[in-house]
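**Student:** Please read through the structure below; I'll follow up with questions.
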Amino acid sequence: MTKSRADELRRQQIRDAGLRCFVRQGYESTRLQDIACEAGFSKGGIYFYYREKRQIFLDILDAYIRTLHERWNFDATNEPADRTLTRVVIGHLRTIEGTSDETRLCRMVQVMASRDPALQGRLDEIVAVVRSLCTNVIVRGMCEGVFVSGDPHKLAALVHAILQGLECHVAIDGRLPVMAEEAAEHMLRLLRAPQSSAMPVTERARPRPANVDLSVSSA
């Protein structure tokens, strides 16, 4: 194993330990020594990688943003848009239910961001990742005739708001209030074009609506 690979594995070990400490004790109550003990490091050993707990906290958020990019940055133009969105939403919900500590961390960031510009910037990036990529697939669904015509940015914001509500439930209860598949189906009902709701997706005509705004922003 190369030194750079070994160093990254140790950083990941520290981030994982920091995540557990932050959600268990809160940011203010967590000390660097707590994270070192949780990770199995000496305090001097953790200093080699991080000089303060804030560095660990921000690194955890940056790693989470990279994960969201990978989860939502799909290229599935070979399948109908509603299937793509259903698949990604189900995968996202199953993931947050299985990693509730990350969801609780995001709730912490929402509370802290109002007084910390660096955290606000990362929170804005988390929102932008999901909304922009969700907007892209909604625009494609409008072009295929499977989603209702409208402002794709507003529809993406609606989908994201529902996801945030479900994430909040996981942060509090540790699990979703309904199965991921049920949640995705209810979400898709809000987006599906009326004429396509009773027809199998593989049999639908895919006309391009004349009034769809195809200019997609990252907001």
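Letters for chains follow the order of the structure tokens (A, B, ...), residue numbers begin at 1 for each chain, and ligand numbers begin at 1 in the order shown.
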What's the 6 Å shell around range 39-54 of chain A, counting only C-alpha atoms, without same-chain residues fewer than 5 positions away, as a list in words?

**Tutor:**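 The neighbour list is Ile14, Ala17, Leu32 and Gln33 of chain A.
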
**Student:** Please identify all polymer residues within 12 Å of Asp16 in chain A, counting only C-alpha atoms, omitting same-chain residues fewer than 6 positions from it, and present them as a list of chain:residue names.

**Tutor:**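 These residues fall inside the cut-off: A:Leu9, A:Arg10, A:Phe22, A:Val23, A:Ile35, A:Ala36, A:Glu38, A:Ala39, A:Gly40, A:Ile56, A:Phe57, A:Asp59, A:Ile60, A:Leu61, A:Ala63, A:Tyr64, A:Thr99, A:Asp101, A:Glu102, A:Leu105.
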
**Student:** Let me see the file: selected residues, N, CA and C atoms, as a PDB file, in the first residue's frame.

**Tutor:**
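Below is the file out04.pdb, written as the result:
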ATOM      1  N   LEU A   9      -6.674   6.399   3.986  1.00  0.00           N
ATOM      2  CA  LEU A   9      -7.431   5.454   4.815  1.00  0.00           C
ATOM      3  C   LEU A   9      -7.491   5.929   6.263  1.00  0.00           C
ATOM      4  N   ARG A  10      -6.387   6.490   6.765  1.00  0.00           N
ATOM      5  CA  ARG A  10      -6.385   7.010   8.133  1.00  0.00           C
ATOM      6  C   ARG A  10      -7.281   8.239   8.256  1.00  0.00           C
ATOM      7  N   PHE A  22     -19.673  13.695  16.525  1.00  0.00           N
ATOM      8  CA  PHE A  22     -20.458  14.909  16.327  1.00  0.00           C
ATOM      9  C   PHE A  22     -21.950  14.651  16.487  1.00  0.00           C
ATOM     10  N   VAL A  23     -22.445  13.545  15.933  1.00  0.00           N
ATOM     11  CA  VAL A  23     -23.889  13.304  16.023  1.00  0.00           C
ATOM     12  C   VAL A  23     -24.279  12.790  17.410  1.00  0.00           C
ATOM     13  N   ILE A  35     -12.441  12.503  19.405  1.00  0.00           N
ATOM     14  CA  ILE A  35     -12.360  11.901  18.074  1.00  0.00           C
ATOM     15  C   ILE A  35     -11.150  10.970  17.994  1.00  0.00           C
ATOM     16  N   ALA A  36     -10.038  11.382  18.577  1.00  0.00           N
ATOM     17  CA  ALA A  36      -8.844  10.542  18.590  1.00  0.00           C
ATOM     18  C   ALA A  36      -9.125   9.204  19.275  1.00  0.00           C
ATOM     19  N   GLU A  38     -12.056   7.768  19.745  1.00  0.00           N
ATOM     20  CA  GLU A  38     -13.037   7.024  18.943  1.00  0.00           C
ATOM     21  C   GLU A  38     -12.368   6.329  17.762  1.00  0.00           C
ATOM     22  N   ALA A  39     -11.366   6.996  17.183  1.00  0.00           N
ATOM     23  CA  ALA A  39     -10.672   6.442  16.020  1.00  0.00           C
ATOM     24  C   ALA A  39      -9.539   5.492  16.393  1.00  0.00           C
ATOM     25  N   GLY A  40      -9.192   5.439  17.682  1.00  0.00           N
ATOM     26  CA  GLY A  40      -8.078   4.597  18.102  1.00  0.00           C
ATOM     27  C   GLY A  40      -6.723   5.235  17.869  1.00  0.00           C
ATOM     28  N   ILE A  56     -11.839  18.617  10.600  1.00  0.00           N
ATOM     29  CA  ILE A  56     -12.476  17.308  10.431  1.00  0.00           C
ATOM     30  C   ILE A  56     -13.920  17.475  10.015  1.00  0.00           C
ATOM     31  N   PHE A  57     -14.615  18.401  10.665  1.00  0.00           N
ATOM     32  CA  PHE A  57     -16.031  18.645  10.376  1.00  0.00           C
ATOM     33  C   PHE A  57     -16.218  19.053   8.913  1.00  0.00           C
ATOM     34  N   ASP A  59     -14.131  18.541   6.444  1.00  0.00           N
ATOM     35  CA  ASP A  59     -13.714  17.440   5.576  1.00  0.00           C
ATOM     36  C   ASP A  59     -14.825  16.396   5.457  1.00  0.00           C
ATOM     37  N   ILE A  60     -15.543  16.165   6.549  1.00  0.00           N
ATOM     38  CA  ILE A  60     -16.684  15.238   6.505  1.00  0.00           C
ATOM     39  C   ILE A  60     -17.738  15.759   5.531  1.00  0.00           C
ATOM     40  N   LEU A  61     -18.025  17.052   5.605  1.00  0.00           N
ATOM     41  CA  LEU A  61     -19.018  17.645   4.707  1.00  0.00           C
ATOM     42  C   LEU A  61     -18.566  17.578   3.253  1.00  0.00           C
ATOM     43  N   ALA A  63     -16.592  15.379   1.907  1.00  0.00           N
ATOM     44  CA  ALA A  63     -16.716  13.985   1.472  1.00  0.00           C
ATOM     45  C   ALA A  63     -18.170  13.646   1.176  1.00  0.00           C
ATOM     46  N   TYR A  64     -19.096  14.187   1.975  1.00  0.00           N
ATOM     47  CA  TYR A  64     -20.522  13.946   1.748  1.00  0.00           C
ATOM     48  C   TYR A  64     -20.982  14.571   0.430  1.00  0.00           C
ATOM     49  N   THR A  99     -27.609   5.070   6.647  1.00  0.00           N
ATOM     50  CA  THR A  99     -26.517   5.908   7.174  1.00  0.00           C
ATOM     51  C   THR A  99     -27.131   7.129   7.864  1.00  0.00           C
ATOM     52  N   ASP A 101     -26.488   8.618  10.502  1.00  0.00           N
ATOM     53  CA  ASP A 101     -25.563   9.592  11.092  1.00  0.00           C
ATOM     54  C   ASP A 101     -25.280  10.738  10.121  1.00  0.00           C
ATOM     55  N   GLU A 102     -25.142  10.432   8.830  1.00  0.00           N
ATOM     56  CA  GLU A 102     -24.915  11.494   7.855  1.00  0.00           C
ATOM     57  C   GLU A 102     -26.119  12.423   7.775  1.00  0.00           C
ATOM     58  N   LEU A 105     -26.054  14.668  10.699  1.00  0.00           N
ATOM     59  CA  LEU A 105     -25.030  15.689  10.512  1.00  0.00           C
ATOM     60  C   LEU A 105     -25.563  16.834   9.659  1.00  0.00           C
TER      61      LEU A 105
END

**Student:** So the first atom is CA of Arg71 in chain A and the second is CA of Tyr27 in chain A; what is the distance between them in Å, to one decimal place?

**Tutor:**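 Distance reported for this atom pair: 26.6 Å.
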
**Student:** Extract the full set of alpha helix (DSSP H) residues from range 10-95 of chain A according to DSSP on the backbone, and format it as an mmCIF file with N, CA and C atoms, in the first residue's frame.

**Tutor:**
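Resulting contents of part.cif:
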data_model
loop_
_atom_site.group_PDB
_atom_site.id
_atom_site.type_symbol
_atom_site.label_atom_id
_atom_site.label_comp_id
_atom_site.auth_asym_id
_atom_site.auth_seq_id
_atom_site.Cartn_x
_atom_site.Cartn_y
_atom_site.Cartn_z
ATOM 1 N N ARG A 10 -6.387 6.490 6.765
ATOM 2 C CA ARG A 10 -6.385 7.010 8.133
ATOM 3 C C ARG A 10 -7.281 8.239 8.256
ATOM 4 N N ARG A 11 -7.254 9.107 7.233
ATOM 5 C CA ARG A 11 -8.165 10.263 7.240
ATOM 6 C C ARG A 11 -9.616 9.806 7.239
ATOM 7 N N GLN A 12 -9.907 8.772 6.461
ATOM 8 C CA GLN A 12 -11.272 8.252 6.433
ATOM 9 C C GLN A 12 -11.664 7.678 7.794
ATOM 10 N N GLN A 13 -10.733 7.008 8.429
ATOM 11 C CA GLN A 13 -10.975 6.471 9.770
ATOM 12 C C GLN A 13 -11.282 7.603 10.744
ATOM 13 N N ILE A 14 -10.536 8.695 10.641
ATOM 14 C CA ILE A 14 -10.766 9.856 11.514
ATOM 15 C C ILE A 14 -12.105 10.510 11.198
ATOM 16 N N ARG A 15 -12.421 10.654 9.908
ATOM 17 C CA ARG A 15 -13.723 11.244 9.533
ATOM 18 C C ARG A 15 -14.877 10.406 10.062
ATOM 19 N N ASP A 16 -14.772 9.093 9.929
ATOM 20 C CA ASP A 16 -15.840 8.215 10.422
ATOM 21 C C ASP A 16 -16.007 8.365 11.936
ATOM 22 N N ALA A 17 -14.882 8.427 12.643
ATOM 23 C CA ALA A 17 -14.941 8.594 14.096
ATOM 24 C C ALA A 17 -15.503 9.967 14.445
ATOM 25 N N GLY A 18 -15.086 11.006 13.699
ATOM 26 C CA GLY A 18 -15.601 12.346 13.945
ATOM 27 C C GLY A 18 -17.097 12.423 13.723
ATOM 28 N N LEU A 19 -17.585 11.789 12.661
ATOM 29 C CA LEU A 19 -19.019 11.780 12.392
ATOM 30 C C LEU A 19 -19.787 11.179 13.559
ATOM 31 N N ARG A 20 -19.315 10.057 14.064
ATOM 32 C CA ARG A 20 -20.000 9.417 15.197
ATOM 33 C C ARG A 20 -19.994 10.328 16.422
ATOM 34 N N CYS A 21 -18.867 10.972 16.684
ATOM 35 C CA CYS A 21 -18.775 11.856 17.851
ATOM 36 C C CYS A 21 -19.676 13.077 17.697
ATOM 37 N N PHE A 22 -19.673 13.695 16.525
ATOM 38 C CA PHE A 22 -20.458 14.909 16.327
ATOM 39 C C PHE A 22 -21.950 14.651 16.487
ATOM 40 N N VAL A 23 -22.445 13.545 15.933
ATOM 41 C CA VAL A 23 -23.889 13.304 16.023
ATOM 42 C C VAL A 23 -24.279 12.790 17.410
ATOM 43 N N ARG A 24 -23.338 12.177 18.115
ATOM 44 C CA ARG A 24 -23.630 11.659 19.456
ATOM 45 C C ARG A 24 -23.538 12.752 20.510
ATOM 46 N N GLN A 25 -22.556 13.654 20.391
ATOM 47 C CA GLN A 25 -22.290 14.631 21.441
ATOM 48 C C GLN A 25 -22.624 16.073 21.049
ATOM 49 N N LEU A 32 -11.238 17.306 20.152
ATOM 50 C CA LEU A 32 -10.347 16.557 19.268
ATOM 51 C C LEU A 32 -9.912 15.255 19.944
ATOM 52 N N GLN A 33 -9.724 15.305 21.258
ATOM 53 C CA GLN A 33 -9.346 14.111 22.003
ATOM 54 C C GLN A 33 -10.429 13.038 21.914
ATOM 55 N N ASP A 34 -11.689 13.433 21.925
ATOM 56 C CA ASP A 34 -12.793 12.469 21.794
ATOM 57 C C ASP A 34 -12.716 11.734 20.464
ATOM 58 N N ILE A 35 -12.441 12.503 19.405
ATOM 59 C CA ILE A 35 -12.360 11.901 18.074
ATOM 60 C C ILE A 35 -11.150 10.970 17.994
ATOM 61 N N ALA A 36 -10.038 11.382 18.577
ATOM 62 C CA ALA A 36 -8.844 10.542 18.590
ATOM 63 C C ALA A 36 -9.125 9.204 19.275
ATOM 64 N N CYS A 37 -9.771 9.260 20.440
ATOM 65 C CA CYS A 37 -10.101 8.026 21.165
ATOM 66 C C CYS A 37 -11.057 7.151 20.360
ATOM 67 N N GLU A 38 -12.056 7.768 19.745
ATOM 68 C CA GLU A 38 -13.037 7.024 18.943
ATOM 69 C C GLU A 38 -12.368 6.329 17.762
ATOM 70 N N ALA A 39 -11.366 6.996 17.183
ATOM 71 C CA ALA A 39 -10.672 6.442 16.020
ATOM 72 C C ALA A 39 -9.539 5.492 16.393
ATOM 73 N N LYS A 43 -3.615 11.520 20.621
ATOM 74 C CA LYS A 43 -3.864 12.902 20.240
ATOM 75 C C LYS A 43 -2.769 13.409 19.307
ATOM 76 N N GLY A 44 -1.527 12.997 19.575
ATOM 77 C CA GLY A 44 -0.439 13.382 18.690
ATOM 78 C C GLY A 44 -0.598 12.774 17.301
ATOM 79 N N GLY A 45 -1.103 11.532 17.261
ATOM 80 C CA GLY A 45 -1.304 10.868 15.975
ATOM 81 C C GLY A 45 -2.340 11.565 15.118
ATOM 82 N N ILE A 46 -3.414 12.055 15.740
ATOM 83 C CA ILE A 46 -4.463 12.728 14.971
ATOM 84 C C ILE A 46 -4.002 14.107 14.520
ATOM 85 N N TYR A 47 -3.091 14.737 15.294
ATOM 86 C CA TYR A 47 -2.556 16.047 14.921
ATOM 87 C C TYR A 47 -1.788 15.994 13.600
ATOM 88 N N LYS A 53 -10.747 20.287 15.310
ATOM 89 C CA LYS A 53 -11.951 19.526 14.983
ATOM 90 C C LYS A 53 -12.717 20.151 13.824
ATOM 91 N N ARG A 54 -12.603 21.468 13.643
ATOM 92 C CA ARG A 54 -13.310 22.122 12.536
ATOM 93 C C ARG A 54 -12.831 21.592 11.188
ATOM 94 N N GLN A 55 -11.540 21.317 11.071
ATOM 95 C CA GLN A 55 -11.020 20.741 9.840
ATOM 96 C C GLN A 55 -11.659 19.391 9.558
ATOM 97 N N ILE A 56 -11.839 18.617 10.600
ATOM 98 C CA ILE A 56 -12.476 17.308 10.431
ATOM 99 C C ILE A 56 -13.920 17.475 10.015
ATOM 100 N N PHE A 57 -14.615 18.401 10.665
ATOM 101 C CA PHE A 57 -16.031 18.645 10.376
ATOM 102 C C PHE A 57 -16.218 19.053 8.913
ATOM 103 N N LEU A 58 -15.397 19.991 8.436
ATOM 104 C CA LEU A 58 -15.508 20.448 7.056
ATOM 105 C C LEU A 58 -15.120 19.353 6.075
ATOM 106 N N ASP A 59 -14.131 18.541 6.444
ATOM 107 C CA ASP A 59 -13.714 17.440 5.576
ATOM 108 C C ASP A 59 -14.825 16.396 5.457
ATOM 109 N N ILE A 60 -15.543 16.165 6.549
ATOM 110 C CA ILE A 60 -16.684 15.238 6.505
ATOM 111 C C ILE A 60 -17.738 15.759 5.531
ATOM 112 N N LEU A 61 -18.025 17.052 5.605
ATOM 113 C CA LEU A 61 -19.018 17.645 4.707
ATOM 114 C C LEU A 61 -18.566 17.578 3.253
ATOM 115 N N ASP A 62 -17.291 17.853 2.994
ATOM 116 C CA ASP A 62 -16.780 17.793 1.625
ATOM 117 C C ASP A 62 -16.880 16.369 1.073
ATOM 118 N N ALA A 63 -16.592 15.379 1.907
ATOM 119 C CA ALA A 63 -16.716 13.985 1.472
ATOM 120 C C ALA A 63 -18.170 13.646 1.176
ATOM 121 N N TYR A 64 -19.096 14.187 1.975
ATOM 122 C CA TYR A 64 -20.522 13.946 1.748
ATOM 123 C C TYR A 64 -20.982 14.571 0.430
ATOM 124 N N ILE A 65 -20.482 15.764 0.127
ATOM 125 C CA ILE A 65 -20.834 16.423 -1.135
ATOM 126 C C ILE A 65 -20.340 15.593 -2.318
ATOM 127 N N ARG A 66 -19.131 15.042 -2.216
ATOM 128 C CA ARG A 66 -18.619 14.184 -3.290
ATOM 129 C C ARG A 66 -19.498 12.946 -3.452
ATOM 130 N N THR A 67 -19.959 12.402 -2.339
ATOM 131 C CA THR A 67 -20.838 11.235 -2.400
ATOM 132 C C THR A 67 -22.154 11.572 -3.090
ATOM 133 N N LEU A 68 -22.713 12.751 -2.781
ATOM 134 C CA LEU A 68 -23.965 13.162 -3.427
ATOM 135 C C LEU A 68 -23.776 13.326 -4.934
ATOM 136 N N HIS A 69 -22.650 13.899 -5.339
ATOM 137 C CA HIS A 69 -22.366 14.034 -6.772
ATOM 138 C C HIS A 69 -22.392 12.661 -7.444
ATOM 139 N N GLU A 70 -21.767 11.680 -6.830
ATOM 140 C CA GLU A 70 -21.716 10.341 -7.409
ATOM 141 C C GLU A 70 -23.110 9.704 -7.440
ATOM 142 N N ARG A 71 -23.897 9.940 -6.395
ATOM 143 C CA ARG A 71 -25.215 9.311 -6.288
ATOM 144 C C ARG A 71 -26.214 9.899 -7.272
ATOM 145 N N TRP A 72 -26.142 11.224 -7.473
ATOM 146 C CA TRP A 72 -27.132 11.911 -8.299
ATOM 147 C C TRP A 72 -26.640 12.235 -9.701
ATOM 148 N N ALA A 81 -37.432 8.876 -18.234
ATOM 149 C CA ALA A 81 -37.005 9.750 -17.144
ATOM 150 C C ALA A 81 -37.659 9.395 -15.824
ATOM 151 N N ASP A 82 -38.940 8.975 -15.857
ATOM 152 C CA ASP A 82 -39.589 8.652 -14.583
ATOM 153 C C ASP A 82 -38.968 7.421 -13.939
ATOM 154 N N ARG A 83 -38.496 6.479 -14.756
ATOM 155 C CA ARG A 83 -37.798 5.320 -14.193
ATOM 156 C C ARG A 83 -36.461 5.730 -13.592
ATOM 157 N N THR A 84 -35.764 6.619 -14.285
ATOM 158 C CA THR A 84 -34.483 7.103 -13.765
ATOM 159 C C THR A 84 -34.681 7.774 -12.410
ATOM 160 N N LEU A 85 -35.647 8.690 -12.329
ATOM 161 C CA LEU A 85 -35.862 9.421 -11.081
ATOM 162 C C LEU A 85 -36.318 8.477 -9.971
ATOM 163 N N THR A 86 -37.184 7.532 -10.303
ATOM 164 C CA THR A 86 -37.635 6.554 -9.303
ATOM 165 C C THR A 86 -36.463 5.767 -8.752
ATOM 166 N N ARG A 87 -35.620 5.290 -9.650
ATOM 167 C CA ARG A 87 -34.475 4.478 -9.236
ATOM 168 C C ARG A 87 -33.528 5.269 -8.335
ATOM 169 N N VAL A 88 -33.239 6.510 -8.720
ATOM 170 C CA VAL A 88 -32.289 7.315 -7.944
ATOM 171 C C VAL A 88 -32.881 7.708 -6.590
ATOM 172 N N VAL A 89 -34.171 8.072 -6.574
ATOM 173 C CA VAL A 89 -34.819 8.445 -5.311
ATOM 174 C C VAL A 89 -34.837 7.253 -4.348
ATOM 175 N N ILE A 90 -35.200 6.077 -4.853
ATOM 176 C CA ILE A 90 -35.213 4.887 -3.991
ATOM 177 C C ILE A 90 -33.816 4.604 -3.451
ATOM 178 N N GLY A 91 -32.806 4.690 -4.319
ATOM 179 C CA GLY A 91 -31.439 4.459 -3.865
ATOM 180 C C GLY A 91 -31.004 5.469 -2.822
ATOM 181 N N HIS A 92 -31.382 6.733 -3.032
ATOM 182 C CA HIS A 92 -31.025 7.786 -2.078
ATOM 183 C C HIS A 92 -31.687 7.536 -0.721
ATOM 184 N N LEU A 93 -32.976 7.219 -0.741
ATOM 185 C CA LEU A 93 -33.701 7.014 0.514
ATOM 186 C C LEU A 93 -33.188 5.783 1.258
ATOM 187 N N ARG A 94 -32.893 4.725 0.541
ATOM 188 C CA ARG A 94 -32.347 3.536 1.204
ATOM 189 C C ARG A 94 -30.991 3.847 1.828
ATOM 190 N N THR A 95 -30.207 4.672 1.121
ATOM 191 C CA THR A 95 -28.884 5.017 1.630
ATOM 192 C C THR A 95 -28.975 5.854 2.901
#

**Student:** Let me make sure I understand: among A:Lys154, A:Arg104, A:Arg5, A:Arg140, which one has the smallest atom-to-atom distance to Glu167 in chain A if we use only C-alpha atoms?

**Tutor:**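 So, comparing all the options, the nearest one is A:Arg104.
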